[in-house]
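Containing mmCIF, C-alpha atoms (C1' of nucleotides): upload-v2.cif.
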```cif
data_final
#
loop_
_atom_site.label_atom_id
_atom_site.label_comp_id
_atom_site.auth_asym_id
_atom_site.auth_seq_id
_atom_site.Cartn_x
_atom_site.Cartn_y
_atom_site.Cartn_z
CA MET A 1 -11.03 -35.04 -5.50
CA ARG A 2 -7.79 -35.60 -3.62
CA ASN A 3 -6.58 -33.05 -1.17
CA PRO A 4 -4.36 -30.20 -2.36
CA GLU A 5 -1.15 -31.90 -1.26
CA GLN A 6 -1.97 -35.05 -3.17
CA LEU A 7 -2.89 -33.03 -6.21
CA VAL A 8 0.45 -31.26 -6.05
CA GLU A 9 2.09 -34.68 -5.95
CA ARG A 10 0.10 -35.89 -8.89
CA PHE A 11 0.74 -32.79 -10.97
CA ARG A 12 4.43 -32.96 -10.21
CA SER A 13 4.66 -36.65 -11.01
CA GLU A 14 3.04 -36.00 -14.36
CA GLY A 15 5.52 -33.30 -15.19
CA LEU A 16 3.04 -30.48 -14.69
CA LYS A 17 4.07 -27.36 -12.90
CA ILE A 18 2.85 -26.19 -9.55
CA THR A 19 1.74 -22.61 -9.91
CA PRO A 20 0.18 -20.39 -7.27
CA GLN A 21 -2.97 -20.22 -9.37
CA ARG A 22 -3.31 -23.96 -9.41
CA GLN A 23 -2.63 -24.28 -5.70
CA LEU A 24 -5.25 -21.69 -4.92
CA LEU A 25 -7.84 -23.50 -7.01
CA PHE A 26 -6.92 -26.82 -5.43
CA SER A 27 -7.66 -25.39 -2.03
CA LEU A 28 -10.85 -23.67 -3.13
CA LEU A 29 -12.16 -26.89 -4.57
CA HIS A 30 -11.12 -29.18 -1.77
CA ASP A 31 -14.13 -30.35 0.21
CA ASN A 32 -16.22 -27.79 -1.63
CA ALA A 33 -19.79 -29.05 -1.63
CA GLU A 34 -21.29 -26.00 -3.31
CA HIS A 35 -20.97 -27.21 -6.88
CA PRO A 36 -19.56 -23.88 -7.99
CA THR A 37 -19.46 -22.59 -11.53
CA ALA A 38 -16.20 -21.49 -13.12
CA GLU A 39 -17.35 -17.91 -12.71
CA ALA A 40 -18.08 -18.40 -9.01
CA LEU A 41 -14.64 -19.92 -8.44
CA PHE A 42 -13.10 -17.06 -10.37
CA ILE A 43 -14.75 -14.52 -8.10
CA THR A 44 -13.62 -16.33 -4.97
CA ALA A 45 -10.16 -16.81 -6.35
CA SER A 46 -9.89 -13.18 -7.40
CA ALA A 47 -10.52 -12.11 -3.82
CA GLN A 48 -7.43 -14.02 -2.73
CA MET A 49 -5.37 -13.49 -5.83
CA PRO A 50 -6.31 -10.32 -7.68
CA GLY A 51 -5.31 -10.57 -11.29
CA ILE A 52 -5.94 -14.26 -11.74
CA SER A 53 -7.53 -14.82 -15.10
CA LEU A 54 -10.89 -16.41 -15.71
CA ARG A 55 -9.14 -18.19 -18.54
CA THR A 56 -6.82 -19.86 -16.06
CA VAL A 57 -9.73 -20.96 -13.91
CA TYR A 58 -11.39 -22.59 -16.92
CA GLN A 59 -8.10 -24.17 -17.93
CA THR A 60 -7.37 -25.63 -14.51
CA LEU A 61 -10.89 -26.93 -14.10
CA ALA A 62 -10.64 -28.58 -17.51
CA ASP A 63 -7.31 -30.14 -16.53
CA LEU A 64 -8.68 -31.53 -13.29
CA THR A 65 -11.76 -32.83 -15.06
CA GLU A 66 -9.65 -34.55 -17.68
CA MET A 67 -7.54 -36.13 -14.96
CA GLY A 68 -10.67 -37.48 -13.37
CA GLU A 69 -10.20 -35.43 -10.23
CA LEU A 70 -13.31 -33.37 -10.78
CA GLY A 71 -16.81 -34.09 -11.94
CA GLN A 72 -19.01 -31.84 -14.05
CA VAL A 73 -22.75 -31.41 -13.78
CA THR A 74 -25.29 -29.19 -15.47
CA PHE A 75 -28.88 -28.91 -14.46
CA ASP A 76 -30.44 -26.01 -16.26
CA GLY A 77 -28.62 -25.83 -19.53
CA ARG A 78 -26.61 -22.92 -18.23
CA ALA A 79 -23.15 -22.84 -16.72
CA VAL A 80 -21.37 -26.09 -15.94
CA ARG A 81 -20.86 -26.78 -12.26
CA PHE A 82 -17.89 -28.58 -10.81
CA ASP A 83 -18.07 -31.30 -8.22
CA PRO A 84 -15.04 -32.55 -6.29
CA ASN A 85 -17.13 -35.33 -4.79
CA LEU A 86 -16.28 -38.37 -6.87
CA THR A 87 -18.25 -40.87 -4.84
CA ASP A 88 -21.39 -42.42 -6.27
CA HIS A 89 -24.01 -39.83 -5.57
CA HIS A 90 -26.77 -37.76 -7.10
CA HIS A 91 -28.11 -34.23 -6.74
CA ALA A 92 -31.02 -32.32 -5.29
CA VAL A 93 -31.56 -28.94 -6.90
CA CYS A 94 -33.56 -26.16 -5.28
CA ASP A 95 -35.69 -24.55 -7.97
CA MET A 96 -35.96 -21.36 -5.94
CA CYS A 97 -32.37 -20.47 -5.13
CA GLY A 98 -30.41 -22.89 -7.27
CA ALA A 99 -28.65 -24.52 -4.32
CA ILE A 100 -27.41 -28.02 -5.01
CA ALA A 101 -27.07 -30.76 -2.42
CA ASP A 102 -25.63 -34.22 -2.75
CA VAL A 103 -27.94 -37.15 -2.18
CA SER A 104 -27.12 -40.80 -2.03
CA ILE A 105 -29.42 -43.33 -3.56
CA ASP A 106 -29.22 -46.97 -2.60
CA HIS A 107 -30.34 -49.86 -4.72
CA LEU A 108 -31.00 -47.70 -7.73
CA ASP A 109 -30.24 -50.73 -9.82
CA ALA A 110 -33.28 -52.43 -8.34
CA VAL A 111 -35.81 -50.29 -10.16
CA SER A 112 -37.32 -51.69 -13.31
CA ILE A 113 -36.16 -49.70 -16.26
CA SER A 114 -37.50 -50.38 -19.70
CA GLU A 115 -34.50 -49.49 -21.78
CA PRO A 116 -34.64 -49.21 -25.52
CA ASN A 117 -33.45 -52.24 -27.39
CA ASP A 118 -29.74 -52.85 -27.31
CA PHE A 119 -28.93 -49.77 -25.30
CA SER A 120 -25.83 -50.40 -23.18
CA PRO A 121 -26.02 -48.25 -20.08
CA SER A 122 -22.80 -47.06 -18.50
CA SER A 123 -23.98 -44.68 -15.82
CA THR A 124 -27.15 -43.28 -14.36
CA SER A 125 -27.65 -39.85 -12.91
CA VAL A 126 -30.63 -38.75 -10.88
CA VAL A 127 -31.62 -35.15 -10.31
CA ILE A 128 -34.27 -34.31 -7.78
CA HIS A 129 -35.89 -30.94 -8.22
CA GLY A 130 -37.69 -29.28 -5.35
CA THR A 131 -37.37 -26.64 -2.69
CA CYS A 132 -34.65 -26.49 -0.08
CA ALA A 133 -35.15 -25.84 3.60
CA LYS A 134 -34.19 -22.19 3.43
CA CYS A 135 -36.58 -21.42 0.61
CA SER A 136 -39.51 -23.44 1.90
CA ALA A 137 -39.31 -21.86 5.35
CA PRO A 138 -42.30 -19.46 5.32
CA SER A 139 -41.02 -16.58 7.41
CA LYS A 140 -39.34 -18.07 10.43
CA ASN A 141 -36.75 -15.38 10.28
CA LEU A 142 -35.85 -12.46 8.12
CA ASP A 143 -33.90 -14.50 5.66
CA LYS A 144 -35.05 -14.17 2.14
CA PRO A 145 -34.52 -17.08 -0.21
CA THR A 146 -30.85 -16.84 -0.92
CA ASN A 147 -30.50 -16.43 -4.60
CA ASN A 148 -26.99 -17.78 -4.58
CA GLN A 149 -26.99 -19.26 -8.03
CA THR A 150 -23.79 -17.49 -8.87
CA THR A 151 -22.06 -17.42 -5.53
CA MET B 152 -48.08 -32.30 -26.49
CA ARG B 153 -51.52 -32.15 -28.07
CA ASN B 154 -51.93 -32.67 -31.76
CA PRO B 155 -51.70 -29.68 -34.10
CA GLU B 156 -55.48 -29.30 -34.38
CA GLN B 157 -55.89 -29.20 -30.63
CA LEU B 158 -53.06 -26.69 -30.33
CA VAL B 159 -54.75 -24.47 -32.90
CA GLU B 160 -57.89 -24.65 -30.79
CA ARG B 161 -56.01 -23.81 -27.64
CA PHE B 162 -54.13 -20.91 -29.19
CA ARG B 163 -57.33 -19.54 -30.66
CA SER B 164 -59.21 -19.87 -27.40
CA GLU B 165 -56.48 -17.92 -25.64
CA GLY B 166 -56.66 -15.12 -28.17
CA LEU B 167 -53.40 -16.05 -29.84
CA LYS B 168 -53.11 -15.97 -33.57
CA ILE B 169 -52.68 -18.93 -35.84
CA THR B 170 -49.78 -18.19 -38.12
CA PRO B 171 -48.28 -20.48 -40.76
CA GLN B 172 -45.05 -20.49 -38.78
CA ARG B 173 -46.78 -21.75 -35.68
CA GLN B 174 -48.72 -24.37 -37.58
CA LEU B 175 -45.57 -25.66 -39.20
CA LEU B 176 -43.85 -25.97 -35.85
CA PHE B 177 -46.88 -27.68 -34.34
CA SER B 178 -46.68 -30.32 -37.02
CA LEU B 179 -42.91 -30.70 -36.77
CA LEU B 180 -43.13 -31.24 -33.05
CA HIS B 181 -46.12 -33.53 -33.05
CA ASP B 182 -45.10 -37.08 -32.20
CA ASN B 183 -41.48 -36.03 -32.57
CA ALA B 184 -39.42 -38.37 -30.41
CA GLU B 185 -36.05 -36.97 -31.46
CA HIS B 186 -35.76 -34.34 -28.75
CA PRO B 187 -34.67 -31.72 -31.27
CA THR B 188 -32.85 -28.51 -30.49
CA ALA B 189 -34.24 -25.16 -31.58
CA GLU B 190 -31.56 -25.06 -34.24
CA ALA B 191 -32.52 -28.49 -35.56
CA LEU B 192 -36.17 -27.51 -35.74
CA PHE B 193 -35.19 -24.31 -37.49
CA ILE B 194 -33.32 -26.25 -40.16
CA THR B 195 -36.22 -28.61 -40.71
CA ALA B 196 -38.69 -25.77 -40.73
CA SER B 197 -36.59 -23.74 -43.15
CA ALA B 198 -36.75 -26.58 -45.65
CA GLN B 199 -40.51 -26.32 -45.71
CA MET B 200 -40.77 -22.59 -45.18
CA PRO B 201 -37.73 -20.72 -46.42
CA GLY B 202 -37.39 -17.41 -44.66
CA ILE B 203 -38.74 -18.48 -41.33
CA SER B 204 -36.70 -16.88 -38.61
CA LEU B 205 -34.74 -18.71 -35.96
CA ARG B 206 -36.09 -16.08 -33.61
CA THR B 207 -39.62 -17.25 -34.34
CA VAL B 208 -38.70 -20.85 -33.65
CA TYR B 209 -37.29 -19.88 -30.27
CA GLN B 210 -40.32 -17.75 -29.53
CA THR B 211 -42.83 -20.45 -30.41
CA LEU B 212 -40.94 -23.08 -28.45
CA ALA B 213 -40.89 -20.76 -25.45
CA ASP B 214 -44.62 -20.17 -25.81
CA LEU B 215 -45.39 -23.88 -25.96
CA THR B 216 -43.12 -24.55 -23.01
CA GLU B 217 -44.81 -21.84 -20.97
CA MET B 218 -48.18 -23.30 -21.82
CA GLY B 219 -47.02 -26.65 -20.58
CA GLU B 220 -47.34 -28.27 -23.99
CA LEU B 221 -43.66 -28.91 -24.33
CA GLY B 222 -40.94 -30.13 -22.03
CA GLN B 223 -37.32 -29.02 -22.02
CA VAL B 224 -34.29 -31.15 -21.30
CA THR B 225 -30.56 -30.55 -21.39
CA PHE B 226 -27.96 -33.24 -21.05
CA ASP B 227 -24.62 -31.82 -22.01
CA GLY B 228 -24.79 -28.25 -20.92
CA ARG B 229 -25.20 -27.12 -24.49
CA ALA B 230 -28.39 -26.52 -26.44
CA VAL B 231 -31.75 -27.14 -24.84
CA ARG B 232 -33.77 -29.95 -26.34
CA PHE B 233 -37.52 -30.00 -26.63
CA ASP B 234 -39.72 -32.92 -25.77
CA PRO B 235 -43.39 -33.13 -26.75
CA ASN B 236 -43.78 -36.27 -24.67
CA LEU B 237 -45.38 -35.07 -21.47
CA THR B 238 -45.91 -38.48 -19.93
CA ASP B 239 -43.85 -39.53 -16.93
CA HIS B 240 -40.66 -40.74 -18.48
CA HIS B 241 -36.90 -40.41 -18.44
CA HIS B 242 -34.09 -40.42 -20.97
CA ALA B 243 -31.30 -42.61 -22.24
CA VAL B 244 -28.51 -40.65 -23.92
CA CYS B 245 -26.00 -42.22 -26.28
CA ASP B 246 -22.60 -40.79 -25.46
CA MET B 247 -21.34 -41.63 -28.95
CA CYS B 248 -23.89 -40.05 -31.25
CA GLY B 249 -25.99 -38.01 -28.87
CA ALA B 250 -29.22 -39.81 -29.69
CA ILE B 251 -31.84 -39.62 -26.99
CA ALA B 252 -34.45 -42.26 -26.28
CA ASP B 253 -37.33 -42.21 -23.86
CA VAL B 254 -37.32 -44.76 -21.09
CA SER B 255 -39.99 -45.49 -18.54
CA ILE B 256 -39.06 -46.28 -14.99
CA ASP B 257 -41.52 -47.96 -12.68
CA HIS B 258 -41.53 -47.74 -8.93
CA LEU B 259 -38.83 -45.11 -8.86
CA ASP B 260 -40.36 -43.93 -5.63
CA ALA B 261 -39.42 -47.23 -4.07
CA VAL B 262 -35.70 -46.56 -3.98
CA SER B 263 -34.28 -45.28 -0.76
CA ILE B 264 -33.11 -41.74 -1.19
CA SER B 265 -31.32 -39.94 1.59
CA GLU B 266 -32.46 -36.43 0.97
CA PRO B 267 -30.94 -33.49 2.74
CA ASN B 268 -32.89 -32.23 5.70
CA ASP B 269 -36.12 -30.45 4.88
CA PHE B 270 -35.73 -30.70 1.15
CA SER B 271 -39.16 -30.85 -0.47
CA PRO B 272 -38.86 -32.80 -3.72
CA SER B 273 -41.22 -31.96 -6.55
CA SER B 274 -39.91 -34.06 -9.41
CA THR B 275 -37.18 -36.51 -10.20
CA SER B 276 -35.44 -36.94 -13.50
CA VAL B 277 -33.21 -39.83 -14.42
CA VAL B 278 -30.69 -39.78 -17.23
CA ILE B 279 -29.04 -42.98 -18.33
CA HIS B 280 -25.81 -42.53 -20.23
CA GLY B 281 -24.49 -45.31 -22.41
CA THR B 282 -24.20 -46.47 -25.98
CA CYS B 283 -27.09 -47.00 -28.34
CA ALA B 284 -27.59 -49.99 -30.59
CA LYS B 285 -26.28 -48.25 -33.70
CA CYS B 286 -23.07 -47.14 -32.07
CA SER B 287 -22.34 -50.33 -30.16
CA ALA B 288 -22.80 -52.51 -33.24
CA PRO B 289 -19.17 -53.35 -34.10
CA SER B 290 -19.27 -53.47 -37.89
CA LYS B 291 -22.38 -55.37 -38.82
CA ASN B 292 -22.91 -53.02 -41.68
CA LEU B 293 -21.27 -50.00 -43.15
CA ASP B 294 -23.05 -47.58 -40.90
CA LYS B 295 -20.77 -45.37 -38.96
CA PRO B 296 -21.95 -44.03 -35.66
CA THR B 297 -24.43 -41.40 -36.70
CA ASN B 298 -23.25 -38.20 -35.23
CA ASN B 299 -26.67 -36.64 -35.39
CA GLN B 300 -26.35 -34.40 -32.41
CA THR B 301 -27.54 -31.47 -34.40
CA THR B 302 -30.02 -33.06 -36.76
"C1'" DT C 303 21.86 -17.70 -13.13
"C1'" DG C 304 20.07 -19.09 -17.40
"C1'" DC C 305 17.26 -22.31 -20.33
"C1'" DT C 306 13.39 -24.82 -21.64
"C1'" DT C 307 8.88 -25.76 -21.60
"C1'" DG C 308 4.60 -25.54 -19.53
"C1'" DT C 309 1.33 -21.71 -17.82
"C1'" DT C 310 -1.01 -17.66 -17.57
"C1'" DC C 311 -3.39 -14.00 -19.53
"C1'" DG C 312 -6.07 -11.10 -22.58
"C1'" DC C 313 -8.59 -10.96 -26.52
"C1'" DA C 314 -11.27 -12.57 -30.15
"C1'" DC C 315 -14.46 -15.72 -31.48
"C1'" DG C 316 -18.11 -19.57 -31.53
"C1'" DA C 317 -22.48 -21.39 -29.82
"C1'" DT C 318 -26.82 -20.62 -27.79
"C1'" DT C 319 -30.40 -17.65 -26.42
"C1'" DT C 320 -32.85 -13.29 -25.56
"C1'" DG C 321 -34.15 -8.09 -26.04
"C1'" DC C 322 -35.58 -4.73 -29.07
"C1'" DA C 323 -37.77 -2.09 -32.80
"C1'" DG C 324 -39.75 -1.88 -37.04
"C1'" DA C 325 -42.23 -4.38 -40.71
"C1'" DT C 326 -45.82 -7.62 -41.45
"C1'" DT C 327 -50.09 -10.04 -40.92
"C1'" DA C 328 -54.09 -12.60 -38.59
"C1'" DG C 329 -58.58 -11.93 -37.17
"C1'" DG C 330 -62.53 -9.15 -36.24
"C1'" DC C 331 -65.62 -5.59 -38.04
"C1'" DC C 332 -67.84 -2.87 -41.66
"C1'" DG D 333 -63.39 -7.32 -50.07
"C1'" DG D 334 -61.27 -3.54 -47.33
"C1'" DC D 335 -59.80 -1.55 -42.98
"C1'" DC D 336 -57.90 -1.50 -38.23
"C1'" DT D 337 -55.45 -2.99 -34.43
"C1'" DA D 338 -52.88 -5.83 -31.83
"C1'" DA D 339 -50.23 -9.78 -32.17
"C1'" DT D 340 -46.51 -11.75 -34.58
"C1'" DC D 341 -42.39 -12.16 -37.36
"C1'" DT D 342 -37.92 -10.85 -38.53
"C1'" DG D 343 -33.18 -9.23 -38.33
"C1'" DC D 344 -29.83 -7.46 -35.55
"C1'" DA D 345 -27.48 -6.49 -31.36
"C1'" DA D 346 -26.18 -8.17 -27.18
"C1'" DA D 347 -25.75 -11.38 -23.02
"C1'" DT D 348 -23.91 -15.70 -21.40
"C1'" DC D 349 -20.76 -19.40 -21.30
"C1'" DG D 350 -16.84 -21.41 -22.94
"C1'" DT D 351 -12.57 -22.14 -26.04
"C1'" DG D 352 -8.54 -21.10 -29.45
"C1'" DC D 353 -4.57 -18.51 -30.03
"C1'" DG D 354 -0.30 -16.07 -29.41
"C1'" DA D 355 2.67 -13.38 -26.53
"C1'" DA D 356 4.45 -12.74 -22.02
"C1'" DC D 357 5.73 -15.10 -18.00
"C1'" DA D 358 7.48 -18.32 -14.60
"C1'" DA D 359 8.37 -23.20 -12.56
"C1'" DG D 360 11.75 -26.52 -12.40
"C1'" DC D 361 16.19 -28.06 -13.53
"C1'" DA D 362 21.29 -27.91 -14.93
#
```
Starting from the file, lay out its structure as C-alpha cells.
Amino acid sequence: MRNPEQLVERFRSEGLKITPQRQLLFSLLHDNAEHPTAEALFITASAQMPGISLRTVYQTLADLTEMGELGQVTFDGRAVRFDPNLTDHHHAVCDMCGAIADVSIDHLDAVSISEPNDFSPSSTSVVIHGTCAKCSAPSKNLDKPTNNQTT
Amino acid sequence: MRNPEQLVERFRSEGLKITPQRQLLFSLLHDNAEHPTAEALFITASAQMPGISLRTVYQTLADLTEMGELGQVTFDGRAVRFDPNLTDHHHAVCDMCGAIADVSIDHLDAVSISEPNDFSPSSTSVVIHGTCAKCSAPSKNLDKPTNNQTT
DNA sequence: TGCTTGTTCGCACGATTTGCAGATTAGGCC
DNA sequence: GGCCTAATCTGCAAATCGTGCGAACAAGCA
C-alpha cells in the first residue's frame, strides 16, 4: 500500500474526498504488518477518533481493496484480514495465538504441481501453519502465549 | 476418510450410536471430491431424508472432523468446506465458478522459504487460484460457467 | 457562504455457525 | 418384544462477520 500522502493524492485525483476517517485509517494501515481484521482496526481507530463507525472502517477497507491498495487474506474461515503488503509474499500463521507473519518463498514455480486438466492458474498462495517463537518458548519468561487474535 | 462401513465400526467401537442420519452423511461424504459446504450436504441429505436437520449435519461434520476423518478448508472467507481426502494434497480453486480440485505437489519441501525467526512449521497448504476448464472454454458448447458454489 | 455530491453513521438484515433444551431413539438388558 | 438410559436429533435463539439502505453530514468548489 502507498503511504498516506500518496493515498490522499490518489483519492483526490479520482474525485474522492479526503475525510478525517479515511486519513486515520490510511495511517493505521501504513506499514502495518499485523494483518488486522476490520474489527481490530475499528478498535484502534476508535481510540484515536471516538465515534468513528465500524461501517466506515468496512467501507474504507473495501474501497482500498477495490483500488488494489490493500490485500485480503483469510486463514480460518473467520474474519477477513487486511494486508497492506502488496509484494509477492506468503503467510505463516501461529496456531496458538493467531499471529500472522509474512514469509517470502523463492522459486515456488519450480515445484512440480500436477494440476487438473486445463486448469489455468493465475496465482498461488501458501500458508504455513505452526507455532511462533512466543508461543513455542516453554517458560523463558512470564509471558503467556499472547492470544492476540483480535488485537 | 474411511468408507461408511469402517466409520460405523469406529463409531460403534467408541460407544457412539449409529443413526440413519449419520449413515446417510457417511455415504454422502465417501469419495466425495466436491469439497461441499455443510449447507450443500444438508440439501443433498434432505433430498434423501426429508426432515433431517441442518444442525445435525453441522454436528456430524464436527464429529468427523474432531475424529480426524474429515478435513476442513476455507478459501473465500465464507462457508467452510469439508474434504474427505486425507492424503497430502492441495487445492486449485476456480475463481469463476468456485469449483475446487485436488492437486498434488511433490517436493514442496525443496523450495526455499524464509521463515520468521523461531517459527516452528507444522503444515503447509497451497491454494492455486485460476480458471477451470469449464469456465475458460470460450464457447465450445452452450455451457455457461457453472456457478456451483453452493451445490 | 452556499451548493452539490460523496461520506459517514446507525440500523436492519443476510449468511454461517454454535449453544441450548426438550423430544426422540439407538443399543443394551430382561 | 418391552423397558431404560444415555446419546442424538431437532428447532430456535443467538453470536459472528459483513453488507444494504436511507438520513444526516461534510469536503471541495464556485
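Using all atoms listed in the file, one finds that the residues of chain A close to chain D, at 7 Å or less, are Lys17, Ile18 and Ala79 of chain A.
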Using all atoms listed in the file, what does the table of chain C residues within 10 Å of chain B look like, with each row giving the shortest atom pair and its distance in Å to one decimal, sorted by chain and ascending number, as JSON lines?
```
{"residue": "C:DA317", "atom": "C1'", "partner": "B:Arg229", "partner_atom": "CA", "distance": 8.3}
{"residue": "C:DT318", "atom": "C1'", "partner": "B:Ala230", "partner_atom": "CA", "distance": 6.3}
{"residue": "C:DT319", "atom": "C1'", "partner": "B:Tyr209", "partner_atom": "CA", "distance": 8.2}
{"residue": "C:DT320", "atom": "C1'", "partner": "B:Arg206", "partner_atom": "CA", "distance": 9.1}
{"residue": "C:DT327", "atom": "C1'", "partner": "B:Thr170", "partner_atom": "CA", "distance": 8.6}
{"residue": "C:DA328", "atom": "C1'", "partner": "B:Lys168", "partner_atom": "CA", "distance": 6.1}
{"residue": "C:DG329", "atom": "C1'", "partner": "B:Lys168", "partner_atom": "CA", "distance": 7.7}
```
Please report as a Markdown table every residue of chain A lying within 10 Å of chain B, along with the nearest atom pair and their distance in Å (one decimal), using all atoms listed in the file.
```
| residue | atom | partner | partner_atom | distance |
| --- | --- | --- | --- | --- |
| A:Gln72 | CA | B:Gly228 | CA | 9.7 |
| A:Val73 | CA | B:Gly228 | CA | 8.1 |
| A:Thr74 | CA | B:Gly228 | CA | 5.6 |
| A:Phe75 | CA | B:Thr225 | CA | 7.3 |
| A:Asp76 | CA | B:Thr225 | CA | 6.9 |
| A:Gly77 | CA | B:Gly228 | CA | 4.7 |
| A:Arg78 | CA | B:Gly228 | CA | 6.2 |
| A:Ala79 | CA | B:Gly228 | CA | 7.0 |
| A:Val80 | CA | B:Gly228 | CA | 6.4 |
| A:Arg81 | CA | B:Gly228 | CA | 9.6 |
| A:His90 | CA | B:Ile264 | CA | 9.5 |
| A:His91 | CA | B:Glu266 | CA | 9.1 |
| A:Ala92 | CA | B:Glu266 | CA | 7.6 |
| A:Val93 | CA | B:Pro272 | CA | 8.8 |
| A:Cys94 | CA | B:Phe270 | CA | 8.2 |
| A:Asp95 | CA | B:Ser273 | CA | 9.4 |
| A:Ala101 | CA | B:Pro267 | CA | 7.0 |
| A:Asp102 | CA | B:Pro267 | CA | 7.7 |
| A:Val103 | CA | B:Glu266 | CA | 5.6 |
| A:Ser104 | CA | B:Ser265 | CA | 5.6 |
| A:Ile105 | CA | B:Ile264 | CA | 4.7 |
| A:Asp106 | CA | B:Ser263 | CA | 5.6 |
| A:His107 | CA | B:Val262 | CA | 6.3 |
| A:Leu108 | CA | B:Val262 | CA | 6.1 |
| A:Asp109 | CA | B:Val262 | CA | 9.0 |
| A:Ala110 | CA | B:Val262 | CA | 7.7 |
| A:Val111 | CA | B:Leu259 | CA | 6.1 |
| A:Ser112 | CA | B:Asp257 | CA | 5.7 |
| A:Ile113 | CA | B:Ile256 | CA | 4.7 |
| A:Ser114 | CA | B:Ser255 | CA | 5.6 |
| A:Glu115 | CA | B:Val254 | CA | 5.5 |
| A:Pro116 | CA | B:Val254 | CA | 6.8 |
| A:Asn117 | CA | B:Ala284 | CA | 7.0 |
| A:Asp118 | CA | B:Ala284 | CA | 4.9 |
| A:Phe119 | CA | B:Cys283 | CA | 4.5 |
| A:Ser120 | CA | B:Thr282 | CA | 5.1 |
| A:Pro121 | CA | B:Gly281 | CA | 4.1 |
| A:Ser122 | CA | B:Gly281 | CA | 4.6 |
| A:Ser123 | CA | B:His280 | CA | 5.2 |
| A:Thr124 | CA | B:Ile279 | CA | 4.4 |
| A:Ser125 | CA | B:Val278 | CA | 5.3 |
| A:Val126 | CA | B:Val277 | CA | 4.5 |
| A:Val127 | CA | B:Ser276 | CA | 5.3 |
| A:Ile128 | CA | B:Thr275 | CA | 4.4 |
| A:His129 | CA | B:Ser274 | CA | 5.2 |
| A:Gly130 | CA | B:Pro272 | CA | 4.1 |
| A:Thr131 | CA | B:Ser271 | CA | 5.1 |
| A:Cys132 | CA | B:Phe270 | CA | 4.5 |
| A:Ala133 | CA | B:Asp269 | CA | 4.9 |
| A:Lys134 | CA | B:Asp269 | CA | 8.6 |
| A:Cys135 | CA | B:Phe270 | CA | 9.3 |
| A:Ser136 | CA | B:Ser271 | CA | 7.8 |
| A:Ala137 | CA | B:Asp269 | CA | 9.2 |
```
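Note that the spacing between atom CA of Gln48 of chain A and atom CA of Leu24 of chain A amounts to 8.3 Å.
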task: Quick one: everything within 10 Å of Leu158 of chain B, counting all atoms listed in the file, minus sequence neighbours fewer than 6 positions away in the same chain. Send it as a PyMOL selection string.
output: chain B and resi 152+164+169+173-174+177-178+215+220
- prompt: Written as an MDAnalysis selection string, which residues does the PyMOL selection byres ((chain C and resi 304-312) around 7) give for the file shown?
  reply: (chainID A and resid 17 53 56) or (chainID C and resid 303 313)
Store the residues picked out above, limited to C-alpha atoms (C1' of nucleotides), as an mmCIF file, in the frame of the given file.
```
data_model
loop_
_atom_site.group_PDB
_atom_site.id
_atom_site.type_symbol
_atom_site.label_atom_id
_atom_site.label_comp_id
_atom_site.auth_asym_id
_atom_site.auth_seq_id
_atom_site.Cartn_x
_atom_site.Cartn_y
_atom_site.Cartn_z
ATOM 1 C CA LYS A 17 4.070 -27.360 -12.900
ATOM 2 C CA SER A 53 -7.530 -14.820 -15.100
ATOM 3 C CA THR A 56 -6.820 -19.860 -16.060
ATOM 4 C "C1'" DT C 303 21.860 -17.700 -13.130
ATOM 5 C "C1'" DC C 313 -8.590 -10.960 -26.520
#
```
message: Given only C-alpha atoms as the basis, pick out the residue of B:Gly202, B:Asn236, B:Ile194, B:Thr188 nearest to Asn154 of chain B.
response: B:Asn236
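Between atom CA of Pro84 of chain A and atom CA of Gln21 of chain A lies a distance of 17.5 Å.
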query: What gap, in Å, lies between atom CA of Gly249 of chain B and atom CA of Pro187 of chain B?
result: 11.0 Å
Using the partial input, fill out segment 174-184 of chain B with N, CA and C atoms; write the result as a CSV table (one decimal), in the coordinates of the input.
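Saved file part_24.csv follows:
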```csv
chain,number,residue,atom,x,y,z
B,174,GLN,N,-48.1,-23.1,-37.2
B,174,GLN,CA,-48.7,-24.4,-37.6
B,174,GLN,C,-47.6,-25.3,-38.1
B,175,LEU,N,-46.7,-24.8,-38.7
B,175,LEU,CA,-45.6,-25.7,-39.2
B,175,LEU,C,-44.8,-26.3,-38.0
B,176,LEU,N,-44.6,-25.4,-37.0
B,176,LEU,CA,-43.8,-26.0,-35.8
B,176,LEU,C,-44.7,-27.0,-35.1
B,177,PHE,N,-46.0,-26.7,-35.0
B,177,PHE,CA,-46.9,-27.7,-34.3
B,177,PHE,C,-46.7,-29.0,-35.0
B,178,SER,N,-46.7,-29.0,-36.3
B,178,SER,CA,-46.7,-30.3,-37.0
B,178,SER,C,-45.3,-31.0,-36.9
B,179,LEU,N,-44.3,-30.1,-36.9
B,179,LEU,CA,-42.9,-30.7,-36.8
B,179,LEU,C,-42.7,-31.3,-35.4
B,180,LEU,N,-43.3,-30.8,-34.4
B,180,LEU,CA,-43.1,-31.2,-33.0
B,180,LEU,C,-44.0,-32.4,-32.7
B,181,HIS,N,-45.2,-32.5,-33.4
B,181,HIS,CA,-46.1,-33.5,-33.0
B,181,HIS,C,-45.5,-34.9,-33.2
B,182,ASP,N,-45.6,-35.7,-32.2
B,182,ASP,CA,-45.1,-37.1,-32.2
B,182,ASP,C,-43.6,-37.1,-32.5
B,183,ASN,N,-42.9,-36.1,-32.3
B,183,ASN,CA,-41.5,-36.0,-32.6
B,183,ASN,C,-40.7,-36.6,-31.4
B,184,ALA,N,-40.1,-37.7,-31.5
B,184,ALA,CA,-39.4,-38.4,-30.4
B,184,ALA,C,-37.9,-38.1,-30.5
```
